[in-house]
Amino acid sequence: MKAPVEPRTDLTLTFLLHFVFLLSGIATVLIGQVLPHLTSRFALNDLQAGYFFPAQFAGSLTGTLLTNWLGRSGRLIPASAAGGILMAVGILVMDLASYQAVLVGFLVNGLGIGLTLPAINVLILERDPARSASNLAFLNFFWGVGAIISKPYVDLTATGSRLGLTTVLLAVPLLISSVALFFAPAKAEARVQKASERTSELSPIWTNPMAWAIAAFNFIHVGFESGMGGWLTTYTGRVETTQAIQFFSPTFLFFLFFVAGRGISPLFFRYLDENKVLMTSLLVIFGGLVITLLAADLFVLGLGASICGVGTSAIFPTNVSRFSKTFGPDAMRRATPLFICGTLGATVVTWLIGFLSNYSGSLRSGMAVLAVSITLLILLQIGLSAHGKRSEQKVK
């Protein structure tokens, strides 16, 4: 019989995982908040500024692949720690005076994000598969807190086009908490190793069209979430230039209501199933996005961003939970294509917004990509929901 993990050790590990996840929320959306500063420093157009996104997401894709390899050998905790250290290094590079060096900084930051986010998601999910949706929502609530902090944090610490204080104040706690993770006892991940051993006995997942449909959903939604979070600060400056930088900015409101939604979303599952939560969320986003794209002043833009934040909050953890419940909790060990699709979606959507903005001369036109994304998600969710109902009827 396996010796249980001591409660104090388990509590410390849980705290570190959630704290690193919070800091990774700042690191993930930092790109959108520093984009105006970098655009000013290097005199970039929207297309050139948009290259920072593929750089970060290329690193994230590589990190996700490495997480898959490390997870199979029961090393998700070291993967999380290494990811945090890489994020810290990448963030520090962002204040260098070379455009190419800053691109590399985003690449390294993305590599850390790709190692950390999937690893911690799987660690938390496998601790209590029966409560996967609510536990993942609570975990991602911490990521959202980091995302909320990111915009006012940059506003308070950035000096013109320089980001020295911004990068140092974020990198130091990332380094400390990530190094602390390396000292977590090996037996703390014994449960993960057990799950990894069972993986080889399971039937293939990625020959099932349902798996790729859920992955496609993740591709589009993470693309939307990254596009909204990445370009909203810049878009705000185009809508109303005189008030683009303020504490209660549309970006701050987007992430504030995003986090508030994550905080209360576990309550939704007491009354609604996953498909109803997802469809309701998508319709809320659609309404908020219409307001956002039609906004002519900061107040209306903030309203639209707030509604989009509430709608977006529950979608990612609920979709991951849907994947886990469809194919079993151990299937998260083979969920690499799911996370990769999310990274690719983020890359495509964020770059496409910059490309269309530069081509048309209007960032509002580029942001219309987000409306197309939500429309596709609604159609895909209708199909996934119908398939789920047919599967339930066959079981009965």
# chains A, B, ... in the order shown; residues from 1 in each chain; ligands from 1
$ residues_around --residues "Thr39 (chain A)" --least-positions-apart "3" --cutoff "12 Å" --atoms "only C-alpha atoms" --output "PyMOL selection string"
chain A and resi 31-36+42-52+99+102+160-162+234
$ write_last_selection --atoms "C-alpha atoms" --output "short mmCIF file (atom, residue, chain, number, x, y, z; two decimals), in the first residue's frame"
data_model
loop_
_atom_site.label_atom_id
_atom_site.label_comp_id
_atom_site.auth_asym_id
_atom_site.auth_seq_id
_atom_site.Cartn_x
_atom_site.Cartn_y
_atom_site.Cartn_z
CA ILE A 31 1.99 40.61 -23.94
CA GLY A 32 -1.19 42.59 -24.56
CA GLN A 33 -0.47 45.08 -21.81
CA VAL A 34 3.11 45.87 -22.86
CA LEU A 35 2.26 45.92 -26.57
CA PRO A 36 1.63 49.71 -26.70
CA PHE A 42 10.43 50.20 -31.70
CA ALA A 43 8.01 52.33 -33.83
CA LEU A 44 6.03 49.27 -34.99
CA ASN A 45 2.92 48.98 -37.12
CA ASP A 46 0.15 46.50 -36.18
CA LEU A 47 1.58 43.72 -38.34
CA GLN A 48 5.05 44.05 -36.83
CA ALA A 49 3.62 44.25 -33.30
CA GLY A 50 1.55 41.17 -34.08
CA TYR A 51 4.71 39.07 -34.48
CA PHE A 52 5.17 39.07 -30.70
CA TYR A 99 13.39 44.12 -31.16
CA VAL A 102 12.34 40.99 -27.15
CA GLY A 160 7.32 55.33 -21.02
CA SER A 161 8.55 52.60 -23.34
CA ARG A 162 10.81 51.03 -20.68
CA THR A 234 -4.43 48.62 -28.09
#
$ residues_around --residues "Ile85 (chain A)" --least-positions-apart "4" --cutoff "7 Å" --atoms "only C-alpha atoms" --output "list in words"
Ala81, Val89, Leu174, Leu175 and Ser178 of chain A
$ write_last_selection --atoms "C-alpha atoms" --output "PDB file, in the first residue's frame"
ATOM      1  CA  ALA A  81       8.884  24.533 -11.793  1.00  0.00           C
ATOM      2  CA  VAL A  89      13.894  34.666 -17.736  1.00  0.00           C
ATOM      3  CA  LEU A 174       8.226  33.613 -10.194  1.00  0.00           C
ATOM      4  CA  LEU A 175      11.795  32.459  -9.612  1.00  0.00           C
ATOM      5  CA  SER A 178       9.254  27.919  -8.993  1.00  0.00           C
TER       6      SER A 178
END
$ closest_residue --among "A:Phe339, A:Gly361, A:Leu169, A:Leu377" --to "Thr280 (chain A)" --atoms "only C-alpha atoms"
A:Leu377
$ atom_distance --atom1 "CA of Tyr271 (chain A)" --atom2 "CA of Ala137 (chain A)"
15.9 Å
$ atom_distance --atom1 "CA of Leu267 (chain A)" --atom2 "CA of Leu17 (chain A)"
23.1 Å
$ select_by_dssp --residues "region 26-101 of chain A" --states "alpha helix (DSSP H)" --output "PDB file with N, CA and C atoms, in the first residue's frame"
ATOM      1  N   ILE A  26      -0.477  36.544 -15.012  1.00  0.00           N
ATOM      2  CA  ILE A  26       0.129  37.833 -15.367  1.00  0.00           C
ATOM      3  C   ILE A  26       1.040  37.665 -16.575  1.00  0.00           C
ATOM      4  N   ALA A  27       1.883  36.621 -16.532  1.00  0.00           N
ATOM      5  CA  ALA A  27       2.864  36.402 -17.603  1.00  0.00           C
ATOM      6  C   ALA A  27       2.201  36.121 -18.944  1.00  0.00           C
ATOM      7  N   THR A  28       1.066  35.418 -18.912  1.00  0.00           N
ATOM      8  CA  THR A  28       0.406  35.042 -20.159  1.00  0.00           C
ATOM      9  C   THR A  28      -0.183  36.250 -20.877  1.00  0.00           C
ATOM     10  N   VAL A  29      -0.879  37.109 -20.144  1.00  0.00           N
ATOM     11  CA  VAL A  29      -1.552  38.251 -20.779  1.00  0.00           C
ATOM     12  C   VAL A  29      -0.694  39.507 -20.784  1.00  0.00           C
ATOM     13  N   LEU A  30       0.509  39.408 -20.225  1.00  0.00           N
ATOM     14  CA  LEU A  30       1.412  40.562 -20.192  1.00  0.00           C
ATOM     15  C   LEU A  30       1.670  41.111 -21.591  1.00  0.00           C
ATOM     16  N   ILE A  31       1.690  40.211 -22.566  1.00  0.00           N
ATOM     17  CA  ILE A  31       1.993  40.609 -23.941  1.00  0.00           C
ATOM     18  C   ILE A  31       1.042  41.699 -24.434  1.00  0.00           C
ATOM     19  N   GLY A  32      -0.232  41.580 -24.113  1.00  0.00           N
ATOM     20  CA  GLY A  32      -1.192  42.587 -24.563  1.00  0.00           C
ATOM     21  C   GLY A  32      -1.032  43.913 -23.853  1.00  0.00           C
ATOM     22  N   GLN A  33      -0.579  43.855 -22.603  1.00  0.00           N
ATOM     23  CA  GLN A  33      -0.475  45.084 -21.814  1.00  0.00           C
ATOM     24  C   GLN A  33       0.797  45.882 -22.152  1.00  0.00           C
ATOM     25  N   VAL A  34       1.858  45.173 -22.511  1.00  0.00           N
ATOM     26  CA  VAL A  34       3.108  45.869 -22.860  1.00  0.00           C
ATOM     27  C   VAL A  34       3.185  46.196 -24.346  1.00  0.00           C
ATOM     28  N   LEU A  35       2.218  45.707 -25.120  1.00  0.00           N
ATOM     29  CA  LEU A  35       2.261  45.917 -26.570  1.00  0.00           C
ATOM     30  C   LEU A  35       2.328  47.404 -26.948  1.00  0.00           C
ATOM     31  N   PRO A  36       1.500  48.282 -26.351  1.00  0.00           N
ATOM     32  CA  PRO A  36       1.629  49.707 -26.699  1.00  0.00           C
ATOM     33  C   PRO A  36       3.006  50.284 -26.368  1.00  0.00           C
ATOM     34  N   HIS A  37       3.614  49.833 -25.273  1.00  0.00           N
ATOM     35  CA  HIS A  37       4.935  50.314 -24.884  1.00  0.00           C
ATOM     36  C   HIS A  37       6.000  49.845 -25.889  1.00  0.00           C
ATOM     37  N   LEU A  38       5.899  48.592 -26.302  1.00  0.00           N
ATOM     38  CA  LEU A  38       6.866  48.066 -27.264  1.00  0.00           C
ATOM     39  C   LEU A  38       6.666  48.687 -28.647  1.00  0.00           C
ATOM     40  N   THR A  39       5.409  48.927 -29.004  1.00  0.00           N
ATOM     41  CA  THR A  39       5.121  49.586 -30.283  1.00  0.00           C
ATOM     42  C   THR A  39       5.763  50.963 -30.320  1.00  0.00           C
ATOM     43  N   SER A  40       5.679  51.666 -29.194  1.00  0.00           N
ATOM     44  CA  SER A  40       6.298  52.992 -29.105  1.00  0.00           C
ATOM     45  C   SER A  40       7.824  52.896 -29.132  1.00  0.00           C
ATOM     46  N   ARG A  41       8.382  51.935 -28.400  1.00  0.00           N
ATOM     47  CA  ARG A  41       9.837  51.814 -28.315  1.00  0.00           C
ATOM     48  C   ARG A  41      10.471  51.524 -29.671  1.00  0.00           C
ATOM     49  N   PHE A  42       9.843  50.628 -30.441  1.00  0.00           N
ATOM     50  CA  PHE A  42      10.435  50.197 -31.703  1.00  0.00           C
ATOM     51  C   PHE A  42       9.730  50.789 -32.934  1.00  0.00           C
ATOM     52  N   ASP A  46       0.901  47.595 -36.797  1.00  0.00           N
ATOM     53  CA  ASP A  46       0.147  46.500 -36.180  1.00  0.00           C
ATOM     54  C   ASP A  46       0.645  45.126 -36.616  1.00  0.00           C
ATOM     55  N   LEU A  47       1.079  45.010 -37.859  1.00  0.00           N
ATOM     56  CA  LEU A  47       1.575  43.721 -38.339  1.00  0.00           C
ATOM     57  C   LEU A  47       2.867  43.354 -37.625  1.00  0.00           C
ATOM     58  N   GLN A  48       3.787  44.314 -37.506  1.00  0.00           N
ATOM     59  CA  GLN A  48       5.052  44.047 -36.827  1.00  0.00           C
ATOM     60  C   GLN A  48       4.830  43.753 -35.343  1.00  0.00           C
ATOM     61  N   ALA A  49       3.931  44.505 -34.707  1.00  0.00           N
ATOM     62  CA  ALA A  49       3.618  44.246 -33.301  1.00  0.00           C
ATOM     63  C   ALA A  49       2.984  42.870 -33.128  1.00  0.00           C
ATOM     64  N   GLY A  50       2.218  42.467 -34.136  1.00  0.00           N
ATOM     65  CA  GLY A  50       1.550  41.174 -34.077  1.00  0.00           C
ATOM     66  C   GLY A  50       2.483  39.993 -34.068  1.00  0.00           C
ATOM     67  N   PHE A  52       4.877  39.482 -32.069  1.00  0.00           N
ATOM     68  CA  PHE A  52       5.171  39.067 -30.700  1.00  0.00           C
ATOM     69  C   PHE A  52       4.282  37.886 -30.297  1.00  0.00           C
ATOM     70  N   PHE A  53       3.068  37.859 -30.803  1.00  0.00           N
ATOM     71  CA  PHE A  53       2.138  36.786 -30.438  1.00  0.00           C
ATOM     72  C   PHE A  53       2.597  35.424 -30.966  1.00  0.00           C
ATOM     73  N   PRO A  54       2.920  35.284 -32.275  1.00  0.00           N
ATOM     74  CA  PRO A  54       3.435  33.989 -32.740  1.00  0.00           C
ATOM     75  C   PRO A  54       4.704  33.559 -32.017  1.00  0.00           C
ATOM     76  N   ALA A  55       5.550  34.531 -31.650  1.00  0.00           N
ATOM     77  CA  ALA A  55       6.774  34.187 -30.922  1.00  0.00           C
ATOM     78  C   ALA A  55       6.428  33.528 -29.587  1.00  0.00           C
ATOM     79  N   GLN A  56       5.522  34.156 -28.839  1.00  0.00           N
ATOM     80  CA  GLN A  56       5.147  33.593 -27.537  1.00  0.00           C
ATOM     81  C   GLN A  56       4.440  32.255 -27.702  1.00  0.00           C
ATOM     82  N   PHE A  57       3.554  32.150 -28.680  1.00  0.00           N
ATOM     83  CA  PHE A  57       2.781  30.923 -28.822  1.00  0.00           C
ATOM     84  C   PHE A  57       3.596  29.791 -29.437  1.00  0.00           C
ATOM     85  N   ALA A  58       4.644  30.118 -30.207  1.00  0.00           N
ATOM     86  CA  ALA A  58       5.554  29.075 -30.689  1.00  0.00           C
ATOM     87  C   ALA A  58       6.283  28.448 -29.506  1.00  0.00           C
ATOM     88  N   GLY A  59       6.705  29.293 -28.569  1.00  0.00           N
ATOM     89  CA  GLY A  59       7.319  28.773 -27.357  1.00  0.00           C
ATOM     90  C   GLY A  59       6.338  27.960 -26.543  1.00  0.00           C
ATOM     91  N   SER A  60       5.105  28.433 -26.455  1.00  0.00           N
ATOM     92  CA  SER A  60       4.084  27.719 -25.702  1.00  0.00           C
ATOM     93  C   SER A  60       3.796  26.346 -26.299  1.00  0.00           C
ATOM     94  N   LEU A  61       3.777  26.274 -27.629  1.00  0.00           N
ATOM     95  CA  LEU A  61       3.558  24.994 -28.307  1.00  0.00           C
ATOM     96  C   LEU A  61       4.679  24.014 -27.976  1.00  0.00           C
ATOM     97  N   THR A  62       5.919  24.490 -28.032  1.00  0.00           N
ATOM     98  CA  THR A  62       7.058  23.637 -27.700  1.00  0.00           C
ATOM     99  C   THR A  62       6.986  23.177 -26.253  1.00  0.00           C
ATOM    100  N   GLY A  63       6.634  24.103 -25.353  1.00  0.00           N
ATOM    101  CA  GLY A  63       6.511  23.754 -23.949  1.00  0.00           C
ATOM    102  C   GLY A  63       5.428  22.720 -23.697  1.00  0.00           C
ATOM    103  N   THR A  64       4.322  22.820 -24.420  1.00  0.00           N
ATOM    104  CA  THR A  64       3.237  21.843 -24.271  1.00  0.00           C
ATOM    105  C   THR A  64       3.694  20.454 -24.686  1.00  0.00           C
ATOM    106  N   LEU A  65       4.455  20.368 -25.769  1.00  0.00           N
ATOM    107  CA  LEU A  65       4.987  19.076 -26.208  1.00  0.00           C
ATOM    108  C   LEU A  65       5.940  18.490 -25.167  1.00  0.00           C
ATOM    109  N   LEU A  66       6.762  19.343 -24.577  1.00  0.00           N
ATOM    110  CA  LEU A  66       7.671  18.884 -23.532  1.00  0.00           C
ATOM    111  C   LEU A  66       6.898  18.422 -22.297  1.00  0.00           C
ATOM    112  N   THR A  67       5.809  19.112 -21.988  1.00  0.00           N
ATOM    113  CA  THR A  67       4.983  18.714 -20.849  1.00  0.00           C
ATOM    114  C   THR A  67       4.415  17.314 -21.046  1.00  0.00           C
ATOM    115  N   ASN A  68       4.002  17.011 -22.255  1.00  0.00           N
ATOM    116  CA  ASN A  68       3.490  15.675 -22.558  1.00  0.00           C
ATOM    117  C   ASN A  68       4.548  14.614 -22.277  1.00  0.00           C
ATOM    118  N   TRP A  69       5.772  14.862 -22.705  1.00  0.00           N
ATOM    119  CA  TRP A  69       6.863  13.909 -22.499  1.00  0.00           C
ATOM    120  C   TRP A  69       7.200  13.765 -21.021  1.00  0.00           C
ATOM    121  N   LEU A  70       7.267  14.882 -20.305  1.00  0.00           N
ATOM    122  CA  LEU A  70       7.587  14.841 -18.881  1.00  0.00           C
ATOM    123  C   LEU A  70       6.454  14.210 -18.073  1.00  0.00           C
ATOM    124  N   GLY A  71       5.214  14.458 -18.501  1.00  0.00           N
ATOM    125  CA  GLY A  71       4.077  13.896 -17.787  1.00  0.00           C
ATOM    126  C   GLY A  71       4.034  12.389 -17.835  1.00  0.00           C
ATOM    127  N   ARG A  72       4.447  11.819 -18.956  1.00  0.00           N
ATOM    128  CA  ARG A  72       4.437  10.363 -19.078  1.00  0.00           C
ATOM    129  C   ARG A  72       5.423   9.689 -18.131  1.00  0.00           C
ATOM    130  N   LEU A  76       5.526  16.042 -13.738  1.00  0.00           N
ATOM    131  CA  LEU A  76       4.765  17.265 -13.978  1.00  0.00           C
ATOM    132  C   LEU A  76       5.125  18.379 -12.995  1.00  0.00           C
ATOM    133  N   ILE A  77       5.476  18.017 -11.779  1.00  0.00           N
ATOM    134  CA  ILE A  77       5.872  19.051 -10.815  1.00  0.00           C
ATOM    135  C   ILE A  77       7.180  19.716 -11.250  1.00  0.00           C
ATOM    136  N   PRO A  78       8.225  18.947 -11.619  1.00  0.00           N
ATOM    137  CA  PRO A  78       9.426  19.598 -12.160  1.00  0.00           C
ATOM    138  C   PRO A  78       9.147  20.400 -13.431  1.00  0.00           C
ATOM    139  N   ALA A  79       8.208  19.928 -14.255  1.00  0.00           N
ATOM    140  CA  ALA A  79       7.850  20.673 -15.468  1.00  0.00           C
ATOM    141  C   ALA A  79       7.252  22.030 -15.103  1.00  0.00           C
ATOM    142  N   SER A  80       6.387  22.029 -14.085  1.00  0.00           N
ATOM    143  CA  SER A  80       5.787  23.291 -13.632  1.00  0.00           C
ATOM    144  C   SER A  80       6.852  24.249 -13.112  1.00  0.00           C
ATOM    145  N   ALA A  81       7.812  23.705 -12.350  1.00  0.00           N
ATOM    146  CA  ALA A  81       8.884  24.533 -11.793  1.00  0.00           C
ATOM    147  C   ALA A  81       9.778  25.101 -12.892  1.00  0.00           C
ATOM    148  N   ALA A  82      10.169  24.254 -13.834  1.00  0.00           N
ATOM    149  CA  ALA A  82      11.018  24.713 -14.941  1.00  0.00           C
ATOM    150  C   ALA A  82      10.295  25.766 -15.764  1.00  0.00           C
ATOM    151  N   GLY A  83       8.999  25.584 -15.948  1.00  0.00           N
ATOM    152  CA  GLY A  83       8.221  26.558 -16.703  1.00  0.00           C
ATOM    153  C   GLY A  83       8.210  27.918 -16.030  1.00  0.00           C
ATOM    154  N   GLY A  84       8.060  27.934 -14.716  1.00  0.00           N
ATOM    155  CA  GLY A  84       8.069  29.197 -13.995  1.00  0.00           C
ATOM    156  C   GLY A  84       9.396  29.927 -14.114  1.00  0.00           C
ATOM    157  N   ILE A  85      10.485  29.178 -14.057  1.00  0.00           N
ATOM    158  CA  ILE A  85      11.816  29.787 -14.197  1.00  0.00           C
ATOM    159  C   ILE A  85      11.998  30.357 -15.602  1.00  0.00           C
ATOM    160  N   LEU A  86      11.547  29.623 -16.606  1.00  0.00           N
ATOM    161  CA  LEU A  86      11.665  30.109 -17.985  1.00  0.00           C
ATOM    162  C   LEU A  86      10.812  31.364 -18.201  1.00  0.00           C
ATOM    163  N   MET A  87       9.628  31.402 -17.608  1.00  0.00           N
ATOM    164  CA  MET A  87       8.810  32.617 -17.705  1.00  0.00           C
ATOM    165  C   MET A  87       9.557  33.810 -17.127  1.00  0.00           C
ATOM    166  N   ALA A  88      10.197  33.613 -15.977  1.00  0.00           N
ATOM    167  CA  ALA A  88      10.936  34.695 -15.332  1.00  0.00           C
ATOM    168  C   ALA A  88      12.056  35.205 -16.232  1.00  0.00           C
ATOM    169  N   VAL A  89      12.793  34.281 -16.844  1.00  0.00           N
ATOM    170  CA  VAL A  89      13.894  34.666 -17.736  1.00  0.00           C
ATOM    171  C   VAL A  89      13.361  35.428 -18.945  1.00  0.00           C
ATOM    172  N   GLY A  90      12.297  34.900 -19.559  1.00  0.00           N
ATOM    173  CA  GLY A  90      11.722  35.549 -20.740  1.00  0.00           C
ATOM    174  C   GLY A  90      11.207  36.940 -20.436  1.00  0.00           C
ATOM    175  N   ILE A  91      10.600  37.107 -19.266  1.00  0.00           N
ATOM    176  CA  ILE A  91      10.062  38.414 -18.870  1.00  0.00           C
ATOM    177  C   ILE A  91      11.188  39.430 -18.696  1.00  0.00           C
ATOM    178  N   LEU A  92      12.293  39.009 -18.098  1.00  0.00           N
ATOM    179  CA  LEU A  92      13.426  39.920 -17.900  1.00  0.00           C
ATOM    180  C   LEU A  92      13.998  40.401 -19.233  1.00  0.00           C
ATOM    181  N   VAL A  93      13.959  39.556 -20.253  1.00  0.00           N
ATOM    182  CA  VAL A  93      14.513  39.908 -21.568  1.00  0.00           C
ATOM    183  C   VAL A  93      13.655  40.958 -22.276  1.00  0.00           C
ATOM    184  N   TYR A  99      14.664  44.720 -30.770  1.00  0.00           N
ATOM    185  CA  TYR A  99      13.388  44.117 -31.164  1.00  0.00           C
ATOM    186  C   TYR A  99      13.507  42.602 -31.243  1.00  0.00           C
ATOM    187  N   GLN A 100      14.627  42.124 -31.841  1.00  0.00           N
ATOM    188  CA  GLN A 100      14.838  40.684 -31.973  1.00  0.00           C
ATOM    189  C   GLN A 100      14.984  40.012 -30.611  1.00  0.00           C
ATOM    190  N   ALA A 101      15.676  40.694 -29.683  1.00  0.00           N
ATOM    191  CA  ALA A 101      15.842  40.126 -28.344  1.00  0.00           C
ATOM    192  C   ALA A 101      14.505  40.022 -27.618  1.00  0.00           C
TER     193      ALA A 101
END
$ closest_residue --among "A:Leu356, A:Leu272, A:Ile374, A:Met94" --to "Thr318 (chain A)" --atoms "only C-alpha atoms"
A:Leu272
$ atom_distance --atom1 "CA of Gly302 (chain A)" --atom2 "CA of Lys151 (chain A)"
13.9 Å
$ residues_around --residues "Asn121 (chain A)" --least-positions-apart "4" --cutoff "8 Å" --atoms "only C-alpha atoms" --output "PyMOL selection string"
chain A and resi 117+125+136+139
$ write_last_selection --atoms "C-alpha atoms" --output "CSV table (one decimal), in the first residue's frame"
chain,number,residue,atom,x,y,z
A,117,LEU,CA,-0.2,25.7,-17.6
A,125,LEU,CA,-7.6,17.5,-12.3
A,136,LEU,CA,-10.4,23.5,-12.6
A,139,LEU,CA,-7.6,26.8,-10.3
$ closest_residue --among "A:Leu253, A:Ile120, A:Ala97, A:Ala215" --to "Ser150 (chain A)" --atoms "only C-alpha atoms"
A:Leu253
$ closest_residue --among "A:Arg364, A:Lys276, A:His221, A:Arg334" --to "Leu376 (chain A)" --atoms "only C-alpha atoms"
A:His221
$ residues_around --residues "Trp206 (chain A)" --least-positions-apart "2" --cutoff "12 Å" --atoms "only C-alpha atoms" --output "list in words"
Leu202, Ser203, Pro204, Asn208, Pro209, Met210, Ala211, Trp212, Ala213, Ile214, Ala215, Phe323, Phe327, Ala331, Arg334, Ala335, Thr336, Pro337 and Leu338 of chain A
